[in-house]
Amino acid sequence: MIWSAPGFREITIADGTCVDGLIDRMPDFIGLTVDARAVLADTKVLVVGVGSVGGRIAEHAARCRIGGVDLIDPKSFTANFDTQPIRKQSDVGQSKARLVGRWVKTISPGSVVRVSQQPVQALSWLDLDRYDVVLASTDNLPVEVYLGSVCRRLGIPLIYAAVHGPTLTSQLRIFMNSDDGGPCVFCGFSRDDRERMSRGVKYSCDPGADPHGTLDAQPTVSVSPLCSVAAATAVLELLRMRIGLGPAPRDCMRELNAYGGTAVTAPLTRNDSCPVDHAVLERVKVERPLHQCTLRECAAAAGTSGDAAIARVCFAVVDCLFAWILTCGRCGKSQEHNRFVDRRPMPLPCRCRTCGHRRLAPHPFYSFDALIPARKGLMPHLDVPLHALGAHGRGVVVRSSDRAVLVQSQHTSDGSAP
Amino acid sequence: MTMTARPGLSSLNEIPLTALNQRRLELVSAEVQGTGPWPDRKKSEARQLLALEQLAGRSRMRINTLEAEQDLRAAVWLDVPVAMTPGPDGSLNVMRGAVIGVTYPQVILSMPLPGFALVCLMEPAAGAFYPNVGASRGQRMCLGAILPVGIPVSELVLLSYGLLTGQTIMLDTSDSAGVMNVEAAHYWSAMLHKMPLSSTPFLEPNPAP
């Protein structure tokens, strides 16, 4: 079964490279009620950022025989042997995702290991729906916020691992994303975090950072064992979550401080003034392929019927935006479109009515990138199949004042047009 | 005699709205949707924008469209010179008046966005000739490398005014932050003496009533 997100390449290792005759050292955990090996073999995780901490997370996941390990990181290894999981000079300059991916596959040949060298924001948010847990360690605040909002929307547990070198502290933030009332990543951001994010602070592990600047370069200084602790505790939480060890996991922050040998667990709670949408999407399946369904059917599946009620909801089609108006890149004239278009910039199947040119693009002011109020041009199209509206249909979000529902098809794996 | 200080850009919230603008704000507020602090934030931004229009005077700025059902959207006319693509002889054509379209999504409250993400030049519909205004795809206006988290809508209007008058301009084609029209950047690099197109500040000392 193909479960990995698009844009990933599967790692294969030549025969003879992998270890033969693996010895099983998995303990019989006290209180275990499931087949741990089977559950872990069926677990799919995404590791975002595979540097000093994330690389070790991936390695521990491999040693626990996690069945599916996807790694995503756009960067390459630098000559930082102090903390990064590299072993020889020739590793410097190698893609982090690919190098760690090969290492993971060597350790756990039975795992499906896939790697991507793009930023996680390049994935469609729905691509993350394929994972049981997301583990991240990125040193990048906007990525933290983005990942937090996507995992929250999809209801996927997110484990964020980080280190603070000067205080010898490792930190985990665990977001279960189980309901609307829980915290998101941004809930815990301080004013300082927000300001740093706005100033575009980049850390030294980011290739875009200016090594001589004071604003853009905040060196990630740490020591290897601290990175290992953060990674190991993150994967221990993953194990606990998946095979049900100990108390039920909850939204919390766990810190280990090596100065005093202290460990602290503190609950994470929702900040009522957090501006992020905290809704966790409910899931509904329709029987027909989604591209054959109409918006009215999607609304009905989400519990909204009748024109008056539908007029009060908003729709979003995954990976699409709704363009009222297209604008010509040559003559500048605008024309009505009133259809969905692919979010990725690509040629549209129509021409400018004034000059005949094909350089048409959604007008930035007259297009809806996220939720489209039904009243804003969708009511006349309620009974038109999605494909006739230009939507390819992997999922439709129906949002009312009190519910957020993701409508997908049970007809195909992702509901998209064949 | 006591002098009363004229309200400034930092005190937009303190400017009482006219009856007409109060009514406009009520209409916008009536359709606001969203969760958490987002609906109130949209109302606050809409109010500040209306106050800015009053402060600047309708001879400087007029809000043509204002809605806030999901994203906050405003189409704003500005009294500003607009540089148009030069003719074959290289002479610059300058039009008067622009309409900018501001789309203010919820995500700007939690994420910095690229400088070109929120504002486009709607009128003139084509042919604006600036390094920081895209020549196609709806003439997006780049207002800086990134737009900070929670930047107010009124500030976007002021930044747009600065861009169109040429009071703020980014010409370095080797810097990825900002240049959206390389031809215009090269042109203006050679014609810097013609910038700014206007040095008039957004708020004139004695605004027209």
# chains A, B, ... in the order shown; residues from 1 in each chain; ligands from 1
$ interface_residues --of "chain A" --to "chain B" --cutoff "8 Å" --atoms "only C-alpha atoms" --output "short mmCIF file (atom, residue, chain, number, x, y, z; two decimals) with N, CA and C atoms, in the first residue's frame"
data_model
loop_
_atom_site.label_atom_id
_atom_site.label_comp_id
_atom_site.auth_asym_id
_atom_site.auth_seq_id
_atom_site.Cartn_x
_atom_site.Cartn_y
_atom_site.Cartn_z
N PRO A 142 8.48 29.95 12.07
CA PRO A 142 7.32 29.85 11.17
C PRO A 142 6.97 28.40 10.82
N VAL A 145 4.99 26.95 13.68
CA VAL A 145 3.60 27.40 13.71
C VAL A 145 2.80 26.72 12.61
N TYR A 146 3.39 26.65 11.42
CA TYR A 146 2.69 26.02 10.30
C TYR A 146 2.37 24.56 10.61
N PHE A 186 1.32 27.99 18.69
CA PHE A 186 1.37 29.45 18.84
C PHE A 186 0.85 29.90 20.20
N ARG A 194 7.29 36.03 19.00
CA ARG A 194 6.55 36.64 17.90
C ARG A 194 7.39 37.70 17.20
N GLU A 195 8.13 38.48 17.98
CA GLU A 195 8.95 39.53 17.38
C GLU A 195 10.10 38.92 16.58
N MET A 197 10.12 36.06 15.16
CA MET A 197 9.56 35.47 13.96
C MET A 197 9.31 36.54 12.91
N SER A 198 8.81 37.70 13.36
CA SER A 198 8.52 38.78 12.43
C SER A 198 9.78 39.40 11.85
N ARG A 199 10.86 39.37 12.61
CA ARG A 199 12.11 39.95 12.11
C ARG A 199 12.82 38.97 11.18
N GLY A 200 12.24 37.79 11.03
CA GLY A 200 12.84 36.84 10.11
C GLY A 200 14.11 36.24 10.63
N ASP A 272 -6.47 31.65 25.37
CA ASP A 272 -7.73 32.15 24.81
C ASP A 272 -7.54 33.30 23.82
N SER A 273 -6.41 33.97 23.91
CA SER A 273 -6.19 35.07 22.97
C SER A 273 -5.39 34.63 21.75
N CYS A 274 -5.17 33.33 21.62
CA CYS A 274 -4.42 32.82 20.46
C CYS A 274 -5.24 33.04 19.19
N PRO A 275 -4.64 33.65 18.17
CA PRO A 275 -5.42 33.96 16.97
C PRO A 275 -5.52 32.79 15.97
N VAL A 276 -4.89 31.67 16.27
CA VAL A 276 -4.91 30.54 15.34
C VAL A 276 -6.26 29.82 15.44
N ASP A 277 -6.75 29.36 14.30
CA ASP A 277 -7.99 28.58 14.28
C ASP A 277 -7.70 27.22 14.92
N THR A 327 -7.01 37.39 -14.38
CA THR A 327 -6.39 38.56 -14.99
C THR A 327 -5.36 38.09 -16.01
N CYS A 328 -5.29 38.82 -17.12
CA CYS A 328 -4.38 38.42 -18.19
C CYS A 328 -3.00 39.01 -17.94
N GLY A 329 -2.00 38.17 -18.04
CA GLY A 329 -0.64 38.62 -17.79
C GLY A 329 -0.08 39.45 -18.93
N ARG A 330 -0.76 39.46 -20.09
CA ARG A 330 -0.25 40.27 -21.20
C ARG A 330 -0.97 41.60 -21.32
N CYS A 331 -2.31 41.55 -21.44
CA CYS A 331 -3.03 42.82 -21.65
C CYS A 331 -3.57 43.40 -20.35
N GLY A 332 -3.58 42.61 -19.30
CA GLY A 332 -4.02 43.13 -18.01
C GLY A 332 -5.52 43.13 -17.82
N LYS A 333 -6.28 42.72 -18.83
CA LYS A 333 -7.74 42.73 -18.70
C LYS A 333 -8.18 41.60 -17.77
N LEU A 360 -3.28 33.61 -18.18
CA LEU A 360 -4.30 34.03 -17.24
C LEU A 360 -3.97 33.50 -15.85
N ALA A 361 -4.25 34.30 -14.86
CA ALA A 361 -3.97 33.88 -13.48
C ALA A 361 -5.08 34.41 -12.58
N PRO A 362 -5.34 33.73 -11.47
CA PRO A 362 -6.35 34.25 -10.54
C PRO A 362 -5.98 35.64 -10.07
N HIS A 363 -6.95 36.54 -10.07
CA HIS A 363 -6.69 37.88 -9.55
C HIS A 363 -6.52 37.78 -8.03
N PRO A 364 -5.42 38.32 -7.49
CA PRO A 364 -5.17 38.12 -6.06
C PRO A 364 -6.27 38.66 -5.15
N PHE A 365 -6.94 39.73 -5.58
CA PHE A 365 -8.00 40.29 -4.72
C PHE A 365 -9.31 39.54 -4.91
N LEU A 371 -11.06 29.58 3.13
CA LEU A 371 -12.50 29.35 3.21
C LEU A 371 -13.25 30.36 2.35
N ILE A 372 -14.20 29.84 1.58
CA ILE A 372 -15.00 30.70 0.71
C ILE A 372 -16.41 30.75 1.28
N PRO A 373 -16.87 31.93 1.70
CA PRO A 373 -18.27 32.00 2.12
C PRO A 373 -19.16 31.59 0.96
N SER A 401 -20.59 27.78 11.83
CA SER A 401 -20.18 28.51 13.03
C SER A 401 -19.72 27.57 14.13
#
$ select_by_dssp --residues "chain B" --states "helix (DSSP H, G or I)" --output "JSON, numbers by chain"
{"B": [9, 10, 11, 12, 13, 14, 19, 20, 21, 22, 23, 24, 25, 26, 27, 28, 29, 30, 38, 39, 40, 41, 42, 43, 44, 45, 46, 47, 48, 49, 50, 51, 52, 53, 54, 55, 56, 106, 107, 108, 109, 153, 154, 155, 156, 157, 158, 159, 160, 161, 162, 163, 164, 165, 182, 183, 184, 185, 186, 187, 188, 189, 190, 192, 193, 194]}
$ write_last_selection --atoms "C-alpha atoms" --output "PDB file, in the first residue's frame"
ATOM      1  CA  LEU B   9      -1.515  57.524  12.847  1.00  0.00           C
ATOM      2  CA  SER B  10      -0.774  56.124  16.265  1.00  0.00           C
ATOM      3  CA  SER B  11      -4.147  57.170  17.609  1.00  0.00           C
ATOM      4  CA  LEU B  12      -6.521  55.904  14.939  1.00  0.00           C
ATOM      5  CA  ASN B  13      -8.593  54.112  17.556  1.00  0.00           C
ATOM      6  CA  GLU B  14      -9.312  57.433  19.249  1.00  0.00           C
ATOM      7  CA  ALA B  19     -22.106  58.698  11.171  1.00  0.00           C
ATOM      8  CA  LEU B  20     -21.556  57.378   7.670  1.00  0.00           C
ATOM      9  CA  ASN B  21     -18.410  55.461   8.587  1.00  0.00           C
ATOM     10  CA  GLN B  22     -20.030  54.160  11.765  1.00  0.00           C
ATOM     11  CA  ARG B  23     -22.827  52.767   9.619  1.00  0.00           C
ATOM     12  CA  ARG B  24     -20.277  51.184   7.257  1.00  0.00           C
ATOM     13  CA  LEU B  25     -18.521  49.599  10.194  1.00  0.00           C
ATOM     14  CA  GLU B  26     -21.794  48.182  11.496  1.00  0.00           C
ATOM     15  CA  LEU B  27     -22.549  46.660   8.112  1.00  0.00           C
ATOM     16  CA  VAL B  28     -19.102  45.064   7.951  1.00  0.00           C
ATOM     17  CA  SER B  29     -19.308  43.852  11.548  1.00  0.00           C
ATOM     18  CA  ALA B  30     -22.703  42.250  10.966  1.00  0.00           C
ATOM     19  CA  TRP B  38     -10.232  36.891  14.862  1.00  0.00           C
ATOM     20  CA  PRO B  39     -13.728  38.445  14.453  1.00  0.00           C
ATOM     21  CA  ASP B  40     -12.920  41.246  16.902  1.00  0.00           C
ATOM     22  CA  ARG B  41      -9.580  41.820  15.241  1.00  0.00           C
ATOM     23  CA  LYS B  42     -11.250  42.227  11.870  1.00  0.00           C
ATOM     24  CA  LYS B  43     -13.699  44.758  13.296  1.00  0.00           C
ATOM     25  CA  SER B  44     -10.829  46.648  14.889  1.00  0.00           C
ATOM     26  CA  GLU B  45      -8.830  46.684  11.649  1.00  0.00           C
ATOM     27  CA  ALA B  46     -11.896  47.833   9.695  1.00  0.00           C
ATOM     28  CA  ARG B  47     -12.482  50.622  12.180  1.00  0.00           C
ATOM     29  CA  GLN B  48      -8.874  51.776  11.963  1.00  0.00           C
ATOM     30  CA  LEU B  49      -9.060  51.821   8.197  1.00  0.00           C
ATOM     31  CA  LEU B  50     -12.197  53.966   8.266  1.00  0.00           C
ATOM     32  CA  ALA B  51     -10.509  56.272  10.771  1.00  0.00           C
ATOM     33  CA  LEU B  52      -7.484  56.520   8.486  1.00  0.00           C
ATOM     34  CA  GLU B  53      -9.758  57.573   5.647  1.00  0.00           C
ATOM     35  CA  GLN B  54     -11.192  60.331   7.838  1.00  0.00           C
ATOM     36  CA  LEU B  55      -7.771  61.415   9.007  1.00  0.00           C
ATOM     37  CA  ALA B  56      -6.297  61.552   5.535  1.00  0.00           C
ATOM     38  CA  GLN B 106      -6.301  35.189   9.644  1.00  0.00           C
ATOM     39  CA  VAL B 107      -2.895  33.582   9.207  1.00  0.00           C
ATOM     40  CA  ILE B 108      -1.128  36.964   9.318  1.00  0.00           C
ATOM     41  CA  LEU B 109      -1.895  37.038  13.033  1.00  0.00           C
ATOM     42  CA  VAL B 153      -4.168  46.994   7.603  1.00  0.00           C
ATOM     43  CA  SER B 154      -3.696  50.754   7.905  1.00  0.00           C
ATOM     44  CA  GLU B 155       0.066  50.202   7.805  1.00  0.00           C
ATOM     45  CA  LEU B 156      -0.295  48.208   4.606  1.00  0.00           C
ATOM     46  CA  VAL B 157      -2.051  51.201   3.060  1.00  0.00           C
ATOM     47  CA  LEU B 158       0.744  53.530   4.152  1.00  0.00           C
ATOM     48  CA  LEU B 159       3.422  51.172   2.823  1.00  0.00           C
ATOM     49  CA  SER B 160       1.560  50.981  -0.484  1.00  0.00           C
ATOM     50  CA  TYR B 161       1.449  54.772  -0.671  1.00  0.00           C
ATOM     51  CA  GLY B 162       5.194  54.878  -0.053  1.00  0.00           C
ATOM     52  CA  LEU B 163       5.802  52.339  -2.784  1.00  0.00           C
ATOM     53  CA  LEU B 164       3.652  54.059  -5.414  1.00  0.00           C
ATOM     54  CA  THR B 165       5.072  57.527  -4.748  1.00  0.00           C
ATOM     55  CA  VAL B 182      13.512  43.388 -13.260  1.00  0.00           C
ATOM     56  CA  GLU B 183      13.027  45.621 -16.308  1.00  0.00           C
ATOM     57  CA  ALA B 184      11.586  48.339 -14.088  1.00  0.00           C
ATOM     58  CA  ALA B 185      14.412  47.901 -11.577  1.00  0.00           C
ATOM     59  CA  HIS B 186      17.000  48.448 -14.295  1.00  0.00           C
ATOM     60  CA  TYR B 187      15.085  51.451 -15.644  1.00  0.00           C
ATOM     61  CA  TRP B 188      14.748  53.099 -12.262  1.00  0.00           C
ATOM     62  CA  SER B 189      18.361  52.398 -11.386  1.00  0.00           C
ATOM     63  CA  ALA B 190      19.266  54.678 -14.268  1.00  0.00           C
ATOM     64  CA  LEU B 192      16.880  57.603  -9.780  1.00  0.00           C
ATOM     65  CA  HIS B 193      16.790  61.372 -10.156  1.00  0.00           C
ATOM     66  CA  LYS B 194      13.097  61.056 -11.075  1.00  0.00           C
TER      67      LYS B 194
END
$ residues_around --residues "Gly182 (chain A)" --least-positions-apart "4" --cutoff "7 Å" --atoms "only C-alpha atoms" --output "list in words"
Asn177, Thr269 and Arg270 of chain A
$ write_last_selection --atoms "C-alpha atoms" --output "mmCIF file, in the first residue's frame"
data_model
loop_
_atom_site.group_PDB
_atom_site.id
_atom_site.type_symbol
_atom_site.label_atom_id
_atom_site.label_comp_id
_atom_site.auth_asym_id
_atom_site.auth_seq_id
_atom_site.Cartn_x
_atom_site.Cartn_y
_atom_site.Cartn_z
ATOM 1 C CA ASN A 177 -4.601 17.722 18.920
ATOM 2 C CA THR A 269 -3.110 24.749 27.823
ATOM 3 C CA ARG A 270 -4.937 26.774 25.287
#
